[in-house]
file start_33.pdb (PDB, C-alpha atoms and all ligand atoms)
ATOM      1  CA  LYS A   1      -2.966  17.320 -16.891
ATOM      2  CA  PRO A   2      -5.844  15.582 -15.098
ATOM      3  CA  PHE A   3      -4.893  16.699 -11.560
ATOM      4  CA  LYS A   4      -3.526  20.017 -10.366
ATOM      5  CA  ARG A   5      -1.585  18.608  -7.419
ATOM      6  CA  ILE A   6      -1.069  15.003  -6.265
ATOM      7  CA  LEU A   7       0.597  14.261  -2.935
ATOM      8  CA  LEU A   8       2.838  11.190  -2.672
ATOM      9  CA  THR A   9       3.765  10.241   0.895
ATOM     10  CA  GLY A  10       6.625   7.827   1.511
ATOM     11  CA  ALA A  11       8.429   9.389  -1.464
ATOM     12  CA  ALA A  12      11.898   8.397  -0.159
ATOM     13  CA  GLY A  13      10.913   4.722   0.158
ATOM     14  CA  GLY A  14      11.333   1.776  -2.183
ATOM     15  CA  LEU A  15       7.985   2.217  -3.927
ATOM     16  CA  GLY A  16       7.997   6.002  -3.487
ATOM     17  CA  LYS A  17      11.181   6.290  -5.577
ATOM     18  CA  VAL A  18       9.594   4.225  -8.352
ATOM     19  CA  LEU A  19       6.362   6.225  -8.269
ATOM     20  CA  ARG A  20       8.113   9.602  -8.173
ATOM     21  CA  GLU A  21       9.258   8.979 -11.738
ATOM     22  CA  ARG A  22       6.070   7.377 -13.003
ATOM     23  CA  ILE A  23       3.213   9.614 -11.780
ATOM     24  CA  LYS A  24       4.424  12.905 -13.289
ATOM     25  CA  PRO A  25       2.051  12.737 -16.309
ATOM     26  CA  TRP A  26      -0.968  12.715 -14.007
ATOM     27  CA  ALA A  27      -0.584  16.127 -12.343
ATOM     28  CA  ASP A  28       0.782  19.628 -12.927
ATOM     29  CA  VAL A  29       2.549  19.344  -9.584
ATOM     30  CA  VAL A  30       3.586  16.276  -7.598
ATOM     31  CA  ARG A  31       4.133  17.091  -3.937
ATOM     32  CA  LEU A  32       6.577  14.600  -2.436
ATOM     33  CA  SER A  33       6.707  13.972   1.270
ATOM     34  CA  ASP A  34       8.642  11.756   3.662
ATOM     35  CA  VAL A  35      10.338  12.017   7.042
ATOM     36  CA  ALA A  36      13.588  11.047   5.255
ATOM     37  CA  ASP A  37      15.597  13.101   2.769
ATOM     38  CA  MET A  38      14.217  13.202  -0.790
ATOM     39  CA  GLY A  39      16.963  15.191  -2.522
ATOM     40  CA  GLU A  40      16.205  18.228  -4.670
ATOM     41  CA  ALA A  41      12.826  19.000  -6.235
ATOM     42  CA  GLY A  42      12.835  18.459 -10.008
ATOM     43  CA  PRO A  43      10.563  20.207 -12.538
ATOM     44  CA  GLY A  44       6.918  19.889 -11.497
ATOM     45  CA  GLU A  45       7.882  18.692  -8.009
ATOM     46  CA  GLU A  46       7.461  20.133  -4.533
ATOM     47  CA  ILE A  47       9.249  18.620  -1.545
ATOM     48  CA  VAL A  48       7.869  18.722   1.975
ATOM     49  CA  GLN A  49       9.838  16.785   4.586
ATOM     50  CA  CYS A  50       7.718  16.018   7.633
ATOM     51  CA  ASP A  51       6.637  13.365  10.097
ATOM     52  CA  LEU A  52       3.119  12.032   9.510
ATOM     53  CA  ALA A  53       2.650  11.955  13.291
ATOM     54  CA  ASP A  54       2.989  15.771  13.392
ATOM     55  CA  LYS A  55      -0.579  17.023  13.102
ATOM     56  CA  GLU A  56       0.227  20.679  12.327
ATOM     57  CA  ALA A  57       2.734  19.692   9.658
ATOM     58  CA  VAL A  58       0.254  17.301   8.034
ATOM     59  CA  LEU A  59      -2.496  19.950   8.000
ATOM     60  CA  LYS A  60      -0.132  22.168   5.982
ATOM     61  CA  LEU A  61       1.040  19.275   3.826
ATOM     62  CA  LEU A  62      -2.468  18.692   2.439
ATOM     63  CA  GLU A  63      -3.192  22.312   1.470
ATOM     64  CA  GLY A  64      -4.060  22.502  -2.225
ATOM     65  CA  VAL A  65      -3.915  18.723  -2.772
ATOM     66  CA  ASP A  66      -6.485  17.097  -5.133
ATOM     67  CA  ALA A  67      -5.519  13.464  -4.628
ATOM     68  CA  VAL A  68      -3.212  11.487  -2.351
ATOM     69  CA  LEU A  69      -1.099   8.390  -2.851
ATOM     70  CA  HIS A  70      -0.420   7.380   0.750
ATOM     71  CA  PHE A  71       2.721   5.217   0.788
ATOM     72  CA  GLY A  72       4.403   6.703   3.865
ATOM     73  CA  GLY A  73       4.799   4.879   7.147
ATOM     74  CA  ILE A  74       6.524   1.878   8.655
ATOM     75  CA  SER A  75       6.481  -0.971   6.165
ATOM     76  CA  THR A  76       7.471  -3.980   8.305
ATOM     77  CA  GLU A  77       6.743  -5.288  11.794
ATOM     78  CA  LYS A  78       7.944  -3.104  14.687
ATOM     79  CA  PRO A  79       6.877  -2.607  18.319
ATOM     80  CA  PHE A  80       3.465  -1.030  18.773
ATOM     81  CA  GLU A  81       4.663   2.464  19.733
ATOM     82  CA  PRO A  82       6.438   3.367  16.457
ATOM     83  CA  ILE A  83       3.685   1.670  14.434
ATOM     84  CA  MET A  84       1.109   3.698  16.334
ATOM     85  CA  GLN A  85       2.910   6.980  15.644
ATOM     86  CA  ALA A  86       3.669   6.545  11.948
ATOM     87  CA  ASN A  87       0.810   4.364  10.720
ATOM     88  CA  ILE A  88      -2.133   4.932  13.068
ATOM     89  CA  LEU A  89      -1.725   8.537  14.211
ATOM     90  CA  GLY A  90      -0.161   9.265  10.806
ATOM     91  CA  VAL A  91      -3.157   8.043   8.804
ATOM     92  CA  ALA A  92      -5.611   9.755  11.184
ATOM     93  CA  ASN A  93      -3.756  13.061  10.741
ATOM     94  CA  LEU A  94      -3.779  12.519   6.997
ATOM     95  CA  TYR A  95      -7.555  11.944   6.736
ATOM     96  CA  GLU A  96      -8.435  14.879   8.957
ATOM     97  CA  ALA A  97      -6.124  17.127   6.962
ATOM     98  CA  LEU A  98      -7.288  15.950   3.548
ATOM     99  CA  HIS A  99     -10.917  16.340   4.547
ATOM    100  CA  LYS A 100     -10.201  19.925   5.657
ATOM    101  CA  ALA A 101      -8.353  20.546   2.377
ATOM    102  CA  GLY A 102     -11.269  19.224   0.289
ATOM    103  CA  THR A 103      -9.217  16.400  -1.245
ATOM    104  CA  LYS A 104     -11.565  14.019  -2.990
ATOM    105  CA  ARG A 105      -9.620  10.827  -3.579
ATOM    106  CA  VAL A 106      -6.989   8.750  -1.798
ATOM    107  CA  ILE A 107      -5.078   5.629  -2.753
ATOM    108  CA  PHE A 108      -3.938   3.933   0.434
ATOM    109  CA  ALA A 109      -1.025   1.483   0.373
ATOM    110  CA  SER A 110      -2.559  -1.187   2.578
ATOM    111  CA  SER A 111      -0.970  -4.601   2.823
ATOM    112  CA  ASN A 112      -1.591  -8.316   2.587
ATOM    113  CA  HIS A 113      -0.605  -8.361   6.275
ATOM    114  CA  ALA A 114      -4.109  -7.054   7.059
ATOM    115  CA  ILE A 115      -5.247 -10.559   6.084
ATOM    116  CA  GLY A 116      -2.011 -12.452   6.761
ATOM    117  CA  TYR A 117      -3.519 -14.973   9.176
ATOM    118  CA  HIS A 118      -5.638 -16.568   6.465
ATOM    119  CA  HIS A 119      -4.423 -19.959   5.270
ATOM    120  CA  VAL A 120      -2.785 -20.018   1.831
ATOM    121  CA  ASN A 121      -5.494 -22.394   0.603
ATOM    122  CA  THR A 122      -8.248 -19.832   1.298
ATOM    123  CA  VAL A 123      -9.231 -17.542  -1.566
ATOM    124  CA  LEU A 124     -10.117 -14.078  -0.289
ATOM    125  CA  ASP A 125     -12.019 -11.173  -1.764
ATOM    126  CA  ALA A 126     -12.806  -7.647  -0.574
ATOM    127  CA  ASN A 127     -15.496  -8.949   1.801
ATOM    128  CA  SER A 128     -13.339 -11.515   3.572
ATOM    129  CA  PRO A 129     -12.734 -10.791   7.248
ATOM    130  CA  THR A 130      -9.449  -9.106   8.089
ATOM    131  CA  ARG A 131      -6.997 -11.309   9.998
ATOM    132  CA  PRO A 132      -3.947  -9.161  10.743
ATOM    133  CA  ASP A 133      -0.708 -11.015  11.378
ATOM    134  CA  SER A 134       1.222  -8.225  13.192
ATOM    135  CA  TYR A 135       0.906  -4.755  14.727
ATOM    136  CA  TYR A 136       1.882  -3.612  11.251
ATOM    137  CA  GLY A 137      -1.067  -5.531   9.754
ATOM    138  CA  LEU A 138      -3.358  -4.133  12.461
ATOM    139  CA  SER A 139      -2.307  -0.598  11.544
ATOM    140  CA  LYS A 140      -3.279  -1.296   7.927
ATOM    141  CA  VAL A 141      -6.719  -2.506   9.086
ATOM    142  CA  PHE A 142      -7.061   0.799  10.953
ATOM    143  CA  GLY A 143      -6.106   2.698   7.810
ATOM    144  CA  GLU A 144      -8.694   0.817   5.733
ATOM    145  CA  GLN A 145     -11.365   1.482   8.355
ATOM    146  CA  ILE A 146     -10.653   5.200   8.798
ATOM    147  CA  ALA A 147     -10.919   5.415   5.014
ATOM    148  CA  ARG A 148     -14.328   3.776   5.200
ATOM    149  CA  TYR A 149     -15.438   6.140   7.963
ATOM    150  CA  TYR A 150     -14.394   9.260   6.038
ATOM    151  CA  PHE A 151     -16.239   7.921   3.005
ATOM    152  CA  ASP A 152     -19.455   7.191   4.906
ATOM    153  CA  ARG A 153     -19.300  10.491   6.786
ATOM    154  CA  PHE A 154     -17.879  12.889   4.202
ATOM    155  CA  GLY A 155     -17.791  11.112   0.842
ATOM    156  CA  VAL A 156     -13.981  11.084   0.595
ATOM    157  CA  GLU A 157     -13.223   8.211  -1.789
ATOM    158  CA  THR A 158     -10.395   5.753  -1.117
ATOM    159  CA  VAL A 159      -8.994   2.760  -2.925
ATOM    160  CA  CYS A 160      -7.233   0.564  -0.363
ATOM    161  CA  VAL A 161      -4.648  -1.512  -2.206
ATOM    162  CA  ARG A 162      -3.718  -4.603  -0.224
ATOM    163  CA  ILE A 163      -0.291  -4.810  -1.795
ATOM    164  CA  GLY A 164       1.199  -8.278  -2.044
ATOM    165  CA  SER A 165       4.967  -8.134  -2.702
ATOM    166  CA  SER A 166       6.006  -5.237  -4.916
ATOM    167  CA  PHE A 167       9.660  -5.699  -5.718
ATOM    168  CA  PRO A 168      11.635  -6.066  -8.965
ATOM    169  CA  GLU A 169      11.203  -9.846  -8.735
ATOM    170  CA  PRO A 170       9.817 -12.463  -6.329
ATOM    171  CA  ALA A 171      12.342 -13.310  -3.575
ATOM    172  CA  ASN A 172      10.911 -16.724  -2.602
ATOM    173  CA  LYS A 173       8.244 -19.238  -3.522
ATOM    174  CA  ARG A 174       5.543 -17.420  -1.530
ATOM    175  CA  MET A 175       6.054 -14.345  -3.665
ATOM    176  CA  MET A 176       5.202 -16.377  -6.774
ATOM    177  CA  SER A 177       1.621 -15.894  -5.488
ATOM    178  CA  THR A 178       1.912 -12.374  -4.048
ATOM    179  CA  TRP A 179       4.191 -10.687  -6.610
ATOM    180  CA  PHE A 180       3.072  -7.291  -7.923
ATOM    181  CA  SER A 181       5.274  -5.826 -10.654
ATOM    182  CA  TYR A 182       6.064  -2.109 -10.613
ATOM    183  CA  ASP A 183       4.327  -1.693 -13.994
ATOM    184  CA  ASP A 184       1.161  -3.342 -12.652
ATOM    185  CA  LEU A 185       1.337  -1.218  -9.493
ATOM    186  CA  VAL A 186       1.479   1.959 -11.587
ATOM    187  CA  GLU A 187      -1.395   0.704 -13.739
ATOM    188  CA  LEU A 188      -3.552  -0.082 -10.689
ATOM    189  CA  LEU A 189      -2.855   3.381  -9.278
ATOM    190  CA  ARG A 190      -3.794   4.935 -12.620
ATOM    191  CA  CYS A 191      -7.059   2.974 -12.727
ATOM    192  CA  SER A 192      -7.801   3.882  -9.099
ATOM    193  CA  LEU A 193      -7.236   7.603  -9.672
ATOM    194  CA  PHE A 194      -9.156   7.842 -12.933
ATOM    195  CA  ALA A 195     -12.138   5.507 -12.396
ATOM    196  CA  PRO A 196     -15.253   7.712 -12.269
ATOM    197  CA  ARG A 197     -16.433   6.437  -8.876
ATOM    198  CA  VAL A 198     -14.599   4.255  -6.394
ATOM    199  CA  GLY A 199     -16.401   4.869  -3.082
ATOM    200  CA  HIS A 200     -14.490   2.760  -0.588
ATOM    201  CA  THR A 201     -12.825   0.010  -2.585
ATOM    202  CA  ILE A 202     -10.566  -2.788  -1.424
ATOM    203  CA  VAL A 203      -8.388  -4.333  -4.104
ATOM    204  CA  TYR A 204      -5.542  -6.824  -3.874
ATOM    205  CA  GLY A 205      -2.321  -5.535  -5.396
ATOM    206  CA  MET A 206      -0.995  -8.445  -7.428
ATOM    207  CA  SER A 207       0.087  -9.274 -10.939
ATOM    208  CA  ASP A 208      -1.526 -11.909 -13.153
ATOM    209  CA  ASN A 209       0.262 -14.740 -11.310
ATOM    210  CA  ASP A 210      -0.569 -18.401 -11.940
ATOM    211  CA  SER A 211      -1.344 -19.381  -8.371
ATOM    212  CA  VAL A 212      -3.127 -16.646  -6.424
ATOM    213  CA  TRP A 213      -4.958 -16.383  -3.091
ATOM    214  CA  TRP A 214      -7.037 -13.332  -3.925
ATOM    215  CA  ASP A 215     -10.029 -12.598  -6.137
ATOM    216  CA  ASN A 216     -10.467  -9.014  -7.391
ATOM    217  CA  ARG A 217     -13.886  -9.375  -9.004
ATOM    218  CA  LEU A 218     -15.443  -7.059  -6.390
ATOM    219  CA  ALA A 219     -13.059  -4.343  -7.587
ATOM    220  CA  ALA A 220     -13.903  -4.823 -11.288
ATOM    221  CA  HIS A 221     -15.181  -1.209 -11.459
ATOM    222  CA  LEU A 222     -11.543  -0.056 -11.343
ATOM    223  CA  GLY A 223     -10.909  -1.685 -14.723
ATOM    224  CA  TYR A 224      -7.490  -2.985 -13.607
ATOM    225  CA  LYS A 225      -5.996  -5.628 -15.927
ATOM    226  CA  PRO A 226      -2.543  -6.796 -14.810
ATOM    227  CA  LYS A 227      -0.044  -7.414 -17.618
ATOM    228  CA  ASP A 228       2.813  -9.147 -15.814
ATOM    229  CA  SER A 229       3.042 -12.577 -14.187
ATOM    230  CA  SER A 230       5.475 -14.129 -11.731
ATOM    231  CA  ALA A 231       5.536 -17.182 -14.050
ATOM    232  CA  GLN A 232       8.588 -15.668 -15.798
ATOM    233  CA  PHE A 233      10.535 -16.270 -12.538
ATOM    234  CA  ALA A 234       9.449 -19.895 -11.947
ATOM    235  CA  HIS A 235      12.989 -21.135 -12.761
ATOM    236  CA  LEU A 236      14.279 -19.309  -9.655
ATOM    237  CA  PHE A 237      12.329 -21.672  -7.372
ATOM    238  CA  PRO A 238      12.799 -25.196  -8.736
ATOM    239  CA  ASP A 239      12.288 -26.748  -5.280
ATOM    240  CA  SER A 240       9.264 -29.053  -5.644
ATOM    241  CA  SER A 241       8.747 -29.648  -1.891
ATOM    242  CA  GLU A 242       5.231 -29.419  -0.568
ATOM    243  CA  PHE A 243       3.749 -25.910  -0.311
ATOM    244  CA  PRO A 244       2.354 -25.193   2.219
ATOM    245  CA  ALA A 245       4.753 -27.292   4.312
ATOM    246  CA  LYS A 246       2.875 -28.641   7.337
ATOM    247  CA  ASP A 247       5.532 -27.637   9.869
ATOM    248  CA  ASP A 248       6.429 -24.202   8.519
ATOM    249  CA  VAL A 249       4.088 -21.336   9.429
ATOM    250  CA  THR A 250       5.800 -19.097   6.901
ATOM    251  CA  THR A 251       4.281 -21.232   4.146
ATOM    252  CA  ILE A 252       0.950 -22.058   5.830
ATOM    253  CA  TYR A 253      -0.335 -18.511   6.291
ATOM    254  CA  GLN A 254      -0.579 -15.802   3.670
ATOM    255  CA  GLY A 255       1.554 -13.389   5.720
ATOM    256  CA  GLY A 256       4.654 -15.551   5.282
ATOM    257  CA  LYS A 257       7.620 -14.509   7.406
ATOM    258  CA  PHE A 258       5.571 -12.010   9.409
ATOM    259  CA  LEU A 259       4.149 -15.042  11.246
ATOM    260  CA  LEU A 260       7.527 -15.530  12.909
ATOM    261  CA  ASP A 261       7.534 -12.129  14.636
ATOM    262  CA  GLY A 262       5.898 -12.450  18.031
ATOM    263  CA  PRO A 263       4.089  -9.382  19.382
ATOM    264  CA  GLN A 264       6.798  -7.036  20.697
ATOM    265  CA  TYR A 265       4.574  -4.644  22.556
TER     266      TYR A 265
HETATM  267  P1  LIG B 301       9.573   1.770   2.596
HETATM  268  O1  LIG B 301       9.791   1.440   4.029
HETATM  269  O2  LIG B 301      10.726   1.659   1.660
HETATM  270  O3  LIG B 301       8.991   3.259   2.474
HETATM  271  C1  LIG B 301       8.185   3.859   3.448
HETATM  272  C2  LIG B 301       8.592   5.316   3.587
HETATM  273  O4  LIG B 301       7.782   5.914   4.601
HETATM  274  C3  LIG B 301      10.057   5.500   4.017
HETATM  275  O5  LIG B 301      10.749   6.311   3.097
HETATM  276  C4  LIG B 301       9.964   6.139   5.381
HETATM  277  O6  LIG B 301      10.979   7.118   5.643
HETATM  278  C5  LIG B 301       8.590   6.793   5.350
HETATM  279  N1  LIG B 301       8.074   6.972   6.711
HETATM  280  C6  LIG B 301       8.139   6.102   7.765
HETATM  281  N2  LIG B 301       7.612   6.649   8.867
HETATM  282  C7  LIG B 301       7.219   7.902   8.530
HETATM  283  C8  LIG B 301       6.614   8.960   9.237
HETATM  284  N3  LIG B 301       6.329   8.857  10.548
HETATM  285  N4  LIG B 301       6.349  10.101   8.580
HETATM  286  C9  LIG B 301       6.661  10.233   7.256
HETATM  287  N5  LIG B 301       7.225   9.265   6.531
HETATM  288  C10 LIG B 301       7.506   8.116   7.151
HETATM  289  O7  LIG B 301       8.368   0.856   2.102
HETATM  290  P2  LIG B 301       7.857   0.538   0.628
HETATM  291  O8  LIG B 301       8.202  -0.856   0.296
HETATM  292  O9  LIG B 301       8.224   1.624  -0.298
HETATM  293  O10 LIG B 301       6.276   0.565   0.877
HETATM  294  C11 LIG B 301       5.515   1.755   0.699
HETATM  295  C12 LIG B 301       4.131   1.546   1.300
HETATM  296  O11 LIG B 301       3.526   0.406   0.705
HETATM  297  C13 LIG B 301       4.171   1.285   2.811
HETATM  298  O12 LIG B 301       3.045   1.913   3.407
HETATM  299  C14 LIG B 301       4.033  -0.218   2.913
HETATM  300  O13 LIG B 301       3.405  -0.592   4.126
HETATM  301  C15 LIG B 301       3.169  -0.535   1.706
HETATM  302  N6  LIG B 301       3.391  -1.884   1.220
HETATM  303  C16 LIG B 301       4.513  -2.214   0.498
HETATM  304  C17 LIG B 301       4.703  -3.502   0.040
HETATM  305  C18 LIG B 301       5.829  -3.884  -0.854
HETATM  306  O14 LIG B 301       5.832  -5.012  -1.331
HETATM  307  N7  LIG B 301       6.803  -3.032  -1.129
HETATM  308  C19 LIG B 301       3.736  -4.564   0.381
HETATM  309  C20 LIG B 301       2.594  -4.114   1.142
HETATM  310  C21 LIG B 301       2.451  -2.825   1.537
HETATM  311  C1  LIG B 302       4.586  -5.761   3.167
HETATM  312  O1  LIG B 302       3.593  -5.253   3.645
HETATM  313  C2  LIG B 302       5.918  -5.130   3.323
HETATM  314  O2  LIG B 302       5.856  -3.720   3.297
HETATM  315  C3  LIG B 302       6.917  -5.621   2.296
HETATM  316  O3  LIG B 302       8.224  -5.244   2.736
HETATM  317  C4  LIG B 302       6.839  -7.129   2.100
HETATM  318  O4  LIG B 302       7.191  -7.782   3.279
HETATM  319  C5  LIG B 302       5.429  -7.503   1.699
HETATM  320  O5  LIG B 302       4.477  -7.011   2.607
HETATM  321  C6  LIG B 302       5.222  -9.028   1.587
HETATM  322  O6  LIG B 302       4.346  -9.560   2.273
HETATM  323  O7  LIG B 302       5.931  -9.658   0.798
END
call {"tool": "encode", "arguments": {"input": "start_33.pdb", "output": "structure tokens"}}
result
Amino acid sequence: KPFKRILLTGAAGGLGKVLRERIKPWADVVRLSDVADMGEAGPGEEIVQCDLADKEAVLKLLEGVDAVLHFGGISTEKPFEPIMQANILGVANLYEALHKAGTKRVIFASSNHAIGYHHVNTVLDANSPTRPDSYYGLSKVFGEQIARYYFDRFGVETVCVRIGSSFPEPANKRMMSTWFSYDDLVELLRCSLFAPRVGHTIVYGMSDNDSVWWDNRLAAHLGYKPKDSSAQFAHLFPDSSEFPAKDDVTTIYQGGKFLLDGPQY
């Protein structure tokens, strides 16, 4: 198999459970990690339960790891303190540990909330300024930037995937633009792991949806070609009211509902 050992963090989470099944062909061993219970290790699996904020544990976690899929951490808005522990200290521990372990490539589950304060009529690419919409979004900006620093300083390559909405199907009209099918997610991860050189790449994690806010041409070197489209779910949202609605911030800004959470420092 192409890799000896891949580490998947966040393995007990929504996407982690999907990926656990799908990434097996890529490595002899998949090391699964989360702070939550992950059940028993299956064939070709190793299980390491630990908190990303625990530096010593993370140093051990990275031993012998060739590539990392970093999906662990808090995935919605929370007060700063827990975000800081899991997502900021957590990603800093991860990069220091993977550098020490000689890991060469990382795929970081960033988020559209790193750019959530852009208007839905603005088309963004990898060079657009970040505009976080939450402490959560800020922590993703930190993750993208520590990835850049470790690339510039040490040559550790990272693909930062600004995931839109990766769920079985879109849950509202906004997600018609941001939807990212599980099959397309797996395909983008495959492209990101196997592309010969990725440096520090930012790519938007979305399917081939009809109405999109993001342009991935600057990430063309990954060779990612989405196969799914949210169009198949258009019948779920027949409401033809104006979008964005002038008086509803959840439709005006790309971050959607995250715009309703005030800072809860
Ligand atoms: P999730 O919340 O279901 O999974 C995250 C996992 O991380 C959980 O199992 C949790 O126990 C673990 N975790 C939290 N704090 C931890 C810590 N301190 N140490 C170790 N593990 C910890 O979220 P989901 O949907 O699976 O997302 C996975 C990743 O993708 C997250 O980083 C999220 O921010 C990102 N993402 C997901 C999107 C989606 O549409 N599902 C959209 C954008 C980003
Ligand atoms: C995210 O970053 C969250 O992890 C996920 O739960 C969704 O809210 C998603 O963004 C989204 O914007 O739809």
call {"tool": "atom_distance", "arguments": {"input": "start_33.pdb", "atom1": "CA of Gly90 in chain A", "atom2": "atom N3 of ligand LIG 301 (chain B)"}}
result
6.5 Å
call {"tool": "residues_around", "arguments": {"input": "start_33.pdb", "residues": "Gly102 in chain A", "least_positions_apart": "5", "cutoff": "9 Å", "atoms": "only C-alpha atoms", "output": "number ranges by chain"}}
result
A: 63-66, 97, 156
call {"tool": "closest_atom_pairs", "arguments": {"input": "start_33.pdb", "of": "chain A", "to": "ligand LIG 302 (chain B)", "cutoff": "8 Å", "atoms": "only C-alpha atoms and all ligand atoms", "output": "Markdown table"}}
result
| residue | atom | partner | partner_atom | distance |
| --- | --- | --- | --- | --- |
| A:Ile74 | CA | B:LIG302 | O2 | 7.8 |
| A:Ser75 | CA | B:LIG302 | O2 | 4.0 |
| A:Thr76 | CA | B:LIG302 | O2 | 5.3 |
| A:Ser110 | CA | B:LIG302 | O1 | 7.5 |
| A:Ser111 | CA | B:LIG302 | O1 | 4.7 |
| A:Asn112 | CA | B:LIG302 | O6 | 6.1 |
| A:His113 | CA | B:LIG302 | O1 | 5.8 |
| A:Tyr136 | CA | B:LIG302 | O1 | 8.0 |
| A:Gly137 | CA | B:LIG302 | O1 | 7.7 |
| A:Ile163 | CA | B:LIG302 | O1 | 6.7 |
| A:Gly164 | CA | B:LIG302 | C6 | 5.5 |
| A:Ser165 | CA | B:LIG302 | O7 | 3.9 |
| A:Ser166 | CA | B:LIG302 | C5 | 7.0 |
| A:Met175 | CA | B:LIG302 | O7 | 6.5 |
| A:Thr178 | CA | B:LIG302 | O7 | 6.9 |
| A:Trp179 | CA | B:LIG302 | O7 | 7.7 |
| A:Gly255 | CA | B:LIG302 | O6 | 5.9 |
| A:Gly256 | CA | B:LIG302 | O6 | 6.7 |
| A:Lys257 | CA | B:LIG302 | O6 | 7.8 |
| A:Phe258 | CA | B:LIG302 | O4 | 7.6 |
call {"tool": "closest_atom_pairs", "arguments": {"input": "start_33.pdb", "of": "chain A", "to": "ligand LIG 301 (chain B)", "cutoff": "6 Å", "atoms": "all atoms listed in the file", "output": "JSON lines"}}
result
{"residue": "A:Gly10", "atom": "CA", "partner": "B:LIG301", "partner_atom": "C2", "distance": 3.8}
{"residue": "A:Ala11", "atom": "CA", "partner": "B:LIG301", "partner_atom": "O5", "distance": 6.0}
{"residue": "A:Ala12", "atom": "CA", "partner": "B:LIG301", "partner_atom": "O5", "distance": 4.0}
{"residue": "A:Gly13", "atom": "CA", "partner": "B:LIG301", "partner_atom": "O5", "distance": 3.3}
{"residue": "A:Gly14", "atom": "CA", "partner": "B:LIG301", "partner_atom": "O9", "distance": 3.6}
{"residue": "A:Leu15", "atom": "CA", "partner": "B:LIG301", "partner_atom": "O9", "distance": 3.7}
{"residue": "A:Gly16", "atom": "CA", "partner": "B:LIG301", "partner_atom": "O9", "distance": 5.4}
{"residue": "A:Asp34", "atom": "CA", "partner": "B:LIG301", "partner_atom": "N5", "distance": 4.1}
{"residue": "A:Val35", "atom": "CA", "partner": "B:LIG301", "partner_atom": "C9", "distance": 4.1}
{"residue": "A:Ala36", "atom": "CA", "partner": "B:LIG301", "partner_atom": "O6", "distance": 4.7}
{"residue": "A:Cys50", "atom": "CA", "partner": "B:LIG301", "partner_atom": "C9", "distance": 5.9}
{"residue": "A:Asp51", "atom": "CA", "partner": "B:LIG301", "partner_atom": "N4", "distance": 3.6}
{"residue": "A:Leu52", "atom": "CA", "partner": "B:LIG301", "partner_atom": "N4", "distance": 3.9}
{"residue": "A:Ala53", "atom": "CA", "partner": "B:LIG301", "partner_atom": "N3", "distance": 5.5}
{"residue": "A:Phe71", "atom": "CA", "partner": "B:LIG301", "partner_atom": "C12", "distance": 4.0}
{"residue": "A:Gly72", "atom": "CA", "partner": "B:LIG301", "partner_atom": "O4", "distance": 3.5}
{"residue": "A:Gly73", "atom": "CA", "partner": "B:LIG301", "partner_atom": "C6", "distance": 3.6}
{"residue": "A:Ile74", "atom": "CA", "partner": "B:LIG301", "partner_atom": "C6", "distance": 4.6}
{"residue": "A:Ser75", "atom": "CA", "partner": "B:LIG301", "partner_atom": "O13", "distance": 3.7}
{"residue": "A:Ala86", "atom": "CA", "partner": "B:LIG301", "partner_atom": "N3", "distance": 3.8}
{"residue": "A:Ala109", "atom": "CA", "partner": "B:LIG301", "partner_atom": "O11", "distance": 4.7}
{"residue": "A:Ser110", "atom": "CA", "partner": "B:LIG301", "partner_atom": "C21", "distance": 5.4}
{"residue": "A:Ser111", "atom": "CA", "partner": "B:LIG301", "partner_atom": "C20", "distance": 4.0}
{"residue": "A:Ile163", "atom": "CA", "partner": "B:LIG301", "partner_atom": "C20", "distance": 4.2}
{"residue": "A:Gly164", "atom": "CA", "partner": "B:LIG301", "partner_atom": "C19", "distance": 5.1}
{"residue": "A:Ser165", "atom": "CA", "partner": "B:LIG301", "partner_atom": "O14", "distance": 3.5}
{"residue": "A:Ser166", "atom": "CA", "partner": "B:LIG301", "partner_atom": "O14", "distance": 3.6}
{"residue": "A:Phe167", "atom": "CA", "partner": "B:LIG301", "partner_atom": "O14", "distance": 5.9}
call {"tool": "closest_residue", "arguments": {"input": "start_33.pdb", "among": "A:Tyr117, A:Tyr95, A:Tyr182, A:Phe233", "to": "Glu157 in chain A", "atoms": "only C-alpha atoms"}}
result
A:Tyr95
call {"tool": "resolve_selection", "arguments": {"input": "start_33.pdb", "expression": "the PyMOL selection byres (((chain A and resi 62) around 9) and not hetatm)", "output": "PyMOL selection string"}}
result
chain A and resi 7+57-61+63-66+68+94+97-98+100-101+103
call {"tool": "residues_around", "arguments": {"input": "start_33.pdb", "residues": "Val120 in chain A", "least_positions_apart": "6", "cutoff": "6 Å", "atoms": "all atoms listed in the file", "output": "ChimeraX atom specification"}}
result
/A:252-254
call {"tool": "resolve_selection", "arguments": {"input": "start_33.pdb", "expression": "the PyMOL selection byres (((chain A and resi 3) around 7) and not hetatm)", "output": "ChimeraX atom specification"}}
result
/A:1-2,4-6,26-28,66
call {"tool": "residues_around", "arguments": {"input": "start_33.pdb", "residues": "range 202-214 of chain A", "least_positions_apart": "4", "cutoff": "6 Å", "atoms": "only C-alpha atoms", "output": "VMD selection string"}}
result
chain A and resid 123 to 126 159 to 164 177 to 180 219 226 228 to 230
call {"tool": "resolve_selection", "arguments": {"input": "start_33.pdb", "expression": "the PyMOL selection byres (((chain A and resi 88) around 10) and not hetatm)", "output": "list of chain:residue names"}}
result
A:Leu52, A:Ala53, A:Gly73, A:Phe80, A:Glu81, A:Pro82, A:Ile83, A:Met84, A:Gln85, A:Ala86, A:Asn87, A:Leu89, A:Gly90, A:Val91, A:Ala92, A:Asn93, A:Leu94, A:Tyr136, A:Leu138, A:Ser139, A:Lys140, A:Val141, A:Phe142, A:Gly143, A:Ile146
call {"tool": "closest_residue", "arguments": {"input": "start_33.pdb", "among": "A:Lys104, A:Lys173, A:Tyr265, A:Asp183", "to": "Ser241 in chain A", "atoms": "all atoms listed in the file"}}
result
A:Lys173
